[in-house]
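*Asks:* Dropping in target23.cif, which is mmCIF, C-alpha atoms:
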data_model
loop_
_atom_site.label_atom_id
_atom_site.label_comp_id
_atom_site.auth_asym_id
_atom_site.auth_seq_id
_atom_site.Cartn_x
_atom_site.Cartn_y
_atom_site.Cartn_z
CA MET K 1 -29.23 8.96 0.23
CA GLU K 2 -27.70 9.26 3.66
CA ILE K 3 -25.80 6.31 5.11
CA ASP K 4 -25.27 5.61 8.81
CA PHE K 5 -21.94 3.77 8.99
CA THR K 6 -22.73 2.53 12.49
CA ASP K 7 -25.33 0.21 10.93
CA LEU K 8 -23.03 -1.21 8.24
CA SER K 9 -20.82 -4.31 8.25
CA PRO K 10 -17.10 -3.76 7.57
CA ASP K 11 -17.57 -5.26 4.09
CA LYS K 12 -20.36 -2.83 3.21
CA ILE K 13 -18.35 0.09 4.60
CA TYR K 14 -15.38 -0.95 2.46
CA ARG K 15 -17.47 -1.19 -0.69
CA THR K 16 -19.11 2.18 -0.03
CA VAL K 17 -15.79 3.93 0.56
CA ILE K 18 -13.89 2.48 -2.40
CA GLN K 19 -16.70 3.43 -4.77
CA SER K 20 -17.11 6.97 -3.46
CA LEU K 21 -13.53 7.94 -2.56
CA VAL K 22 -12.33 8.13 -6.15
CA PRO K 23 -10.04 8.22 -7.98
CA ARG K 24 -7.37 6.78 -5.70
CA PRO K 25 -3.66 6.67 -6.57
CA ILE K 26 -2.02 3.25 -6.61
CA ALA K 27 1.10 2.37 -4.62
CA TRP K 28 2.78 -0.51 -6.45
CA VAL K 29 5.06 -1.73 -3.68
CA LEU K 30 8.19 -3.80 -4.20
CA THR K 31 9.75 -5.53 -1.19
CA GLU K 32 12.38 -8.21 -0.72
CA ASN K 33 11.34 -11.70 0.32
CA LYS K 34 13.32 -13.81 2.76
CA ASN K 35 14.70 -15.84 -0.16
CA GLN K 36 15.88 -12.58 -1.80
CA SER K 37 13.26 -12.68 -4.55
CA PHE K 38 10.95 -9.67 -4.95
CA ASN K 39 7.35 -9.31 -3.86
CA LEU K 40 5.20 -6.79 -5.75
CA ALA K 41 1.66 -5.76 -4.82
CA PRO K 42 -0.71 -2.82 -5.45
CA PHE K 43 -2.48 -0.82 -2.72
CA SER K 44 -4.97 1.99 -3.30
CA TYR K 45 -5.38 3.19 0.28
CA PHE K 46 -2.38 5.39 -0.40
CA ASN K 47 -1.27 9.00 -0.17
CA ALA K 48 1.28 11.52 1.10
CA VAL K 49 1.45 12.34 4.82
CA SER K 50 4.13 15.02 5.25
CA SER K 51 6.97 16.81 3.45
CA ASP K 52 9.35 17.27 6.37
CA PRO K 53 10.16 14.45 6.74
CA PRO K 54 8.88 13.24 3.37
CA VAL K 55 6.50 10.44 4.40
CA LEU K 56 4.04 8.36 2.39
CA MET K 57 1.42 5.97 3.75
CA PHE K 58 -0.39 2.97 2.40
CA SER K 59 -2.76 0.61 4.15
CA VAL K 60 -2.49 -3.18 3.98
CA GLY K 61 -5.16 -5.70 4.88
CA LYS K 62 -4.65 -9.38 5.65
CA LYS K 63 -4.61 -12.56 3.59
CA PRO K 64 -7.82 -14.62 3.39
CA ASP K 65 -6.44 -16.93 6.12
CA GLY K 66 -5.97 -13.95 8.48
CA SER K 67 -2.18 -13.82 8.29
CA PHE K 68 -0.22 -10.68 7.46
CA LYS K 69 0.41 -10.04 3.79
CA ASP K 70 3.94 -10.54 2.50
CA THR K 71 4.40 -6.80 1.95
CA ARG K 72 4.02 -6.05 5.65
CA VAL K 73 6.09 -9.08 6.70
CA ASN K 74 8.94 -8.06 4.38
CA ILE K 75 8.91 -4.41 5.45
CA GLU K 76 8.92 -5.32 9.14
CA ALA K 77 11.85 -7.67 8.58
CA ARG K 78 13.98 -5.52 6.27
CA SER K 79 12.64 -1.93 6.51
CA ARG K 80 13.27 -1.11 2.85
CA PHE K 81 10.71 -0.89 0.05
CA VAL K 82 10.09 0.88 -3.24
CA ILE K 83 6.75 2.51 -4.03
CA HIS K 84 6.04 2.84 -7.75
CA ILE K 85 3.42 5.00 -9.44
CA PRO K 86 2.30 2.81 -12.35
CA SER K 87 1.15 4.17 -15.69
CA VAL K 88 -2.00 3.15 -17.53
CA ALA K 89 0.19 1.04 -19.83
CA GLN K 90 0.91 -1.23 -16.85
CA ILE K 91 -2.72 -1.93 -15.90
CA ASP K 92 -2.57 -5.66 -16.67
CA ALA K 93 0.64 -6.17 -14.70
CA VAL K 94 -0.73 -4.19 -11.74
CA ASN K 95 -3.92 -6.26 -11.76
CA ALA K 96 -1.99 -9.54 -12.05
CA SER K 97 0.22 -8.60 -9.10
CA SER K 98 -2.83 -8.40 -6.81
CA ALA K 99 -3.20 -12.21 -6.78
CA THR K 100 -2.59 -14.01 -3.48
CA LEU K 101 0.49 -16.20 -3.91
CA ASP K 102 2.41 -18.48 -1.59
CA ASN K 103 5.03 -16.92 0.66
CA GLU K 104 8.23 -15.94 -1.13
CA VAL K 105 6.81 -16.49 -4.61
CA SER K 106 7.86 -13.49 -6.69
CA GLU K 107 5.17 -11.59 -8.58
CA VAL K 108 7.97 -9.92 -10.53
CA SER K 109 9.10 -13.29 -11.91
CA GLN K 110 5.58 -14.70 -12.31
CA ILE K 111 4.40 -11.74 -14.38
CA GLY K 112 7.67 -11.45 -16.30
CA LEU K 113 8.54 -7.90 -15.28
CA THR K 114 12.01 -6.42 -15.55
CA THR K 115 13.79 -4.66 -12.71
CA VAL K 116 16.55 -2.11 -13.15
CA PRO K 117 19.04 -0.70 -10.61
CA PHE K 118 17.76 2.21 -8.52
CA GLN K 119 20.74 4.43 -7.84
CA GLY K 120 21.21 5.00 -4.11
CA SER K 121 18.81 2.18 -3.22
CA THR K 122 19.61 -1.39 -2.22
CA LEU K 123 16.42 -2.47 -4.00
CA PRO K 124 15.73 -2.17 -7.74
CA ARG K 125 12.75 -0.51 -9.37
CA ILE K 126 10.32 -1.83 -11.98
CA GLN K 127 11.30 -0.82 -15.49
CA GLY K 128 8.75 1.40 -17.20
CA CYS K 129 7.19 3.01 -14.13
CA PRO K 130 7.35 6.79 -14.52
CA VAL K 131 7.89 7.43 -10.81
CA ALA K 132 9.43 5.38 -7.99
CA TYR K 133 10.25 6.21 -4.37
CA ALA K 134 12.93 4.38 -2.40
CA CYS K 135 11.57 4.29 1.15
CA GLU K 136 12.58 3.22 4.63
CA LEU K 137 10.10 2.17 7.29
CA PHE K 138 8.99 5.12 9.42
CA ASP K 139 6.25 3.39 11.42
CA ILE K 140 3.51 0.78 11.27
CA MET K 141 0.19 1.51 12.93
CA GLU K 142 -2.52 -1.10 13.37
CA ILE K 143 -5.98 0.38 12.96
CA GLY K 144 -9.35 -1.18 13.64
CA LYS K 145 -10.56 -4.62 14.59
CA THR K 146 -9.16 -6.49 11.57
CA PRO K 147 -6.64 -4.78 11.95
CA MET K 148 -5.43 -2.88 8.91
CA SER K 149 -1.73 -2.06 8.84
CA MET K 150 -1.01 1.57 8.00
CA ILE K 151 2.59 1.55 6.82
CA LEU K 152 4.45 4.85 6.86
CA GLY K 153 7.56 5.13 4.72
CA GLU K 154 10.11 7.92 4.59
CA ILE K 155 11.24 8.72 1.06
CA LYS K 156 15.01 8.54 0.76
CA ARG K 157 15.31 8.89 -3.01
CA ALA K 158 12.99 9.37 -5.99
CA TYR K 159 13.19 8.35 -9.62
CA ILE K 160 11.28 10.46 -12.16
CA ASP K 161 11.40 9.52 -15.83
CA ASP K 162 13.00 12.32 -17.84
CA GLU K 163 10.26 11.91 -20.44
CA ILE K 164 7.60 13.26 -18.06
CA ILE K 165 9.58 16.29 -16.88
CA ALA K 166 8.39 19.48 -18.57
CA SER K 167 10.52 22.55 -19.14
CA ALA K 168 9.87 24.83 -16.21
CA PRO K 169 10.72 28.43 -15.36
CA ASN K 170 13.00 29.26 -12.43
CA GLN K 171 14.50 25.73 -12.49
CA LYS K 172 11.50 24.36 -10.58
CA LEU K 173 10.59 20.75 -11.19
CA LEU K 174 7.46 20.45 -13.29
CA ILE K 175 6.00 17.03 -14.10
CA ASP K 176 3.71 16.65 -17.08
CA ALA K 177 0.81 14.64 -15.64
CA LYS K 178 -0.54 13.79 -19.10
CA LYS K 179 2.77 12.23 -20.12
CA MET K 180 3.00 10.48 -16.75
CA ASN K 181 -0.48 9.04 -17.36
CA PRO K 182 -0.85 7.50 -13.89
CA LEU K 183 -3.20 4.59 -13.30
CA GLY K 184 -5.91 5.25 -10.72
CA ARG K 185 -8.35 3.01 -8.87
CA LEU K 186 -12.13 3.15 -8.70
CA GLY K 187 -14.50 0.69 -7.04
CA GLY K 188 -15.16 -2.90 -8.02
CA LEU K 189 -13.14 -4.02 -11.04
CA ASP K 190 -12.58 -0.52 -12.39
CA PHE K 191 -9.41 1.49 -12.98
CA VAL K 192 -9.16 5.00 -14.41
CA SER K 193 -6.82 7.20 -16.41
CA LEU K 194 -6.51 10.98 -16.34
CA GLY K 195 -9.27 12.94 -17.99
CA ASP K 196 -9.39 16.70 -18.35
CA ILE K 197 -7.06 18.75 -16.17
CA HIS K 198 -8.47 22.00 -14.75
CA SER K 199 -6.13 24.74 -13.51
CA ARG K 200 -7.00 27.63 -11.21
CA GLU K 201 -4.94 30.34 -9.54
CA ARG K 202 -5.07 29.97 -5.76
CA PRO K 203 -6.51 32.97 -3.93
CA ALA K 204 -4.15 35.12 -1.89
#
Can the structure from this file be put into structure tokens for me?

*Replies:*
Amino acid sequence: MEIDFTDLSPDKIYRTVIQSLVPRPIAWVLTENKNQSFNLAPFSYFNAVSSDPPVLMFSVGKKPDGSFKDTRVNIEARSRFVIHIPSVAQIDAVNASSATLDNEVSEVSQIGLTTVPFQGSTLPRIQGCPVAYACELFDIMEIGKTPMSMILGEIKRAYIDDEIIASAPNQKLLIDAKKMNPLGRLGGLDFVSLGDIHSRERPA
């Protein structure tokens, strides 16, 4: 099958991409609401952009009424946010946090999650996530007719659970992906965990 995207509606394009571009990592993004409660939402249009400076991106759509989602509103207003990499054990909480709630209603409180201090960050992190990045807004780019908001964040500090750090030669950081057990996204209602890991030496 060959598909001409010029003949597809945005909805059909979206469904084609999310089912074929798999698995996708999940950015579980914590921001601060105007009332100082915490918003938490998952995004799977997410990846790294550069290492110098260390920048991550995730893409945010709009609410059903066409307004900006709280994540974008909060980041524009306060510039700070924390991106978590959730584990498979957190699948139900991640899914629950995708619900559309009224402005300034905290998903963290609604779901009953616990936050813990994130050293060097003015925002906390979600307890139990194996990895978290304290970020500051680098840029927001609006893309397309909707538009989607591509949010770029510069990593200022990272938390990595000691339990997922493997012993490594030469003092290099080595993360055990199996112990990290990150949750990934497929199409439709489906999530995914790590399967087999295949290693190869890179050619010279």

*Asks:* Please write as number ranges by chain the list of polymer residues whose atoms come within 12 Å of (-0.5, -15.3, -2.2), counting all atoms listed in the file and keeping to the coordinates of the file.

*Replies:* K: 39-41, 62-65, 67-71, 96-107, 110

*Asks:* Considering all atoms listed in the file, can you say which of K:Gly187, K:Pro86, K:Pro182, K:Pro117 comes closest to Gln19 of chain K?

*Replies:*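 Distance minimum relative to Gln19 of chain K lands on K:Gly187.
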
*Asks:* Hey, can you check how far atom CA of Leu186 of chain K sits from atom CA of Ser44 of chain K?

*Replies:*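 Atom-to-atom, atom CA of Leu186 of chain K to atom CA of Ser44 of chain K, that is 9.0 Å.
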
*Asks:* Kindly give the distance, in Å, that separates atom CA of Gly153 of chain K and atom CA of Cys129 of chain K, rounded to a single decimal.

*Replies:*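 One can read the atom CA of Gly153 of chain K to atom CA of Cys129 of chain K distance as 19.0 Å.
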
*Asks:* Between K:Ile111, K:Leu30, K:Phe118, K:Ser20, single out the one closest to Gln90 of chain K, counting all atoms listed in the file.

*Replies:*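 Among the listed residues, the smallest separation from Gln90 of chain K belongs to K:Ile111.
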
*Asks:* Name the residues in contact with Pro130 of chain K at a cut-off of 9 Å, using all atoms listed in the file, excluding same-chain residues fewer than 2 positions from it; report them as a list in words.

*Replies:*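 That gives His84, Ile85, Pro86, Ser87, Gln127, Gly128, Ala132, Tyr159, Ile160, Asp161, Asp162, Glu163, Ile164, Met180, Asn181 and Pro182 of chain K.
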
*Asks:* Since I can't run it myself right now, could you work out what the PyMOL selection byres ((chain K and resi 47) around 10) selects here and report it as a list in words?

*Replies:*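 On this input, the PyMOL selection byres ((chain K and resi 47) around 10) captures Arg24, Pro25, Ile26, Ala27, Ser44, Tyr45, Phe46, Ala48, Val49, Ser50, Val55, Leu56, Met57, Phe58, Ser59 and Leu152 of chain K.
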
*Asks:* Could you tell me which residues the PyMOL selection byres ((chain K and resi 137) around 9) grabs in this file, written as a VMD selection string?

*Replies:* chain K and resid 75 to 76 78 to 81 135 to 136 138 to 140 151 to 154

*Asks:* Work out how far atom CA of Val88 of chain K is from atom CA of Val22 of chain K, in Å to one decimal.

*Replies:*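 Straight-line distance from atom CA of Val22 of chain K to atom CA of Val88 of chain K works out to 16.2 Å.
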
*Asks:* Which residues are close to segment 5-15 of chain K, i.e. within 10 Å by all atoms listed in the file, leaving aside same-chain residues fewer than 2 positions away? Reply as a PyMOL selection string.

*Replies:* chain K and resi 2-3+17-20+145-146+187-188

*Asks:* Using only C-alpha atoms for the distances, tell me which of K:Leu123, K:Met150, K:Leu21, K:Ala134 is nearest to Gln36 of chain K.

*Replies:* K:Leu123

*Asks:* Do a neighbour search on Gly195 of chain K at 10 Å with all atoms listed in the file, toss out local chain neighbours closer than 2 positions, and write the hits as a list in words.

*Replies:*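 The filter keeps Lys178, Asn181, Val192, Ser193, Ile197 and His198 of chain K.
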
*Asks:* May I have the selected residues written with C-alpha atoms, as a JSON list (two decimals), in the frame of the given file?

*Replies:*
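See out_37.json below for the written result:
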[["chain", "number", "residue", "atom", "x", "y", "z"],
["K", 178, "LYS", "CA", -0.54, 13.79, -19.10],
["K", 181, "ASN", "CA", -0.48, 9.04, -17.36],
["K", 192, "VAL", "CA", -9.16, 5.00, -14.41],
["K", 193, "SER", "CA", -6.82, 7.20, -16.41],
["K", 197, "ILE", "CA", -7.06, 18.75, -16.17],
["K", 198, "HIS", "CA", -8.47, 22.00, -14.75]]

*Asks:* Nearest to Ala89 of chain K among K:Gly184, K:Arg125, K:Phe38, K:Leu174, with distances taken over only C-alpha atoms: which residue is it?

*Replies:*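 Distance minimum relative to Ala89 of chain K lands on K:Gly184.
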
*Asks:* In the coordinates of the file, take the point (10.6, -10.4, 4.7) and a cut-off of 6 Å; then, counting only C-alpha atoms, name each qualifying protein, DNA or RNA residue as a PyMOL selection string.

*Replies:* chain K and resi 33-34+73-74+77

*Asks:* Of the residues K:Glu142, K:Asp92, K:Asp4, K:Asp196, which is the one nearest to Gly112 of chain K, using only C-alpha atoms?

*Replies:*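 Counting only C-alpha atoms, the residue closest to Gly112 of chain K is K:Asp92.
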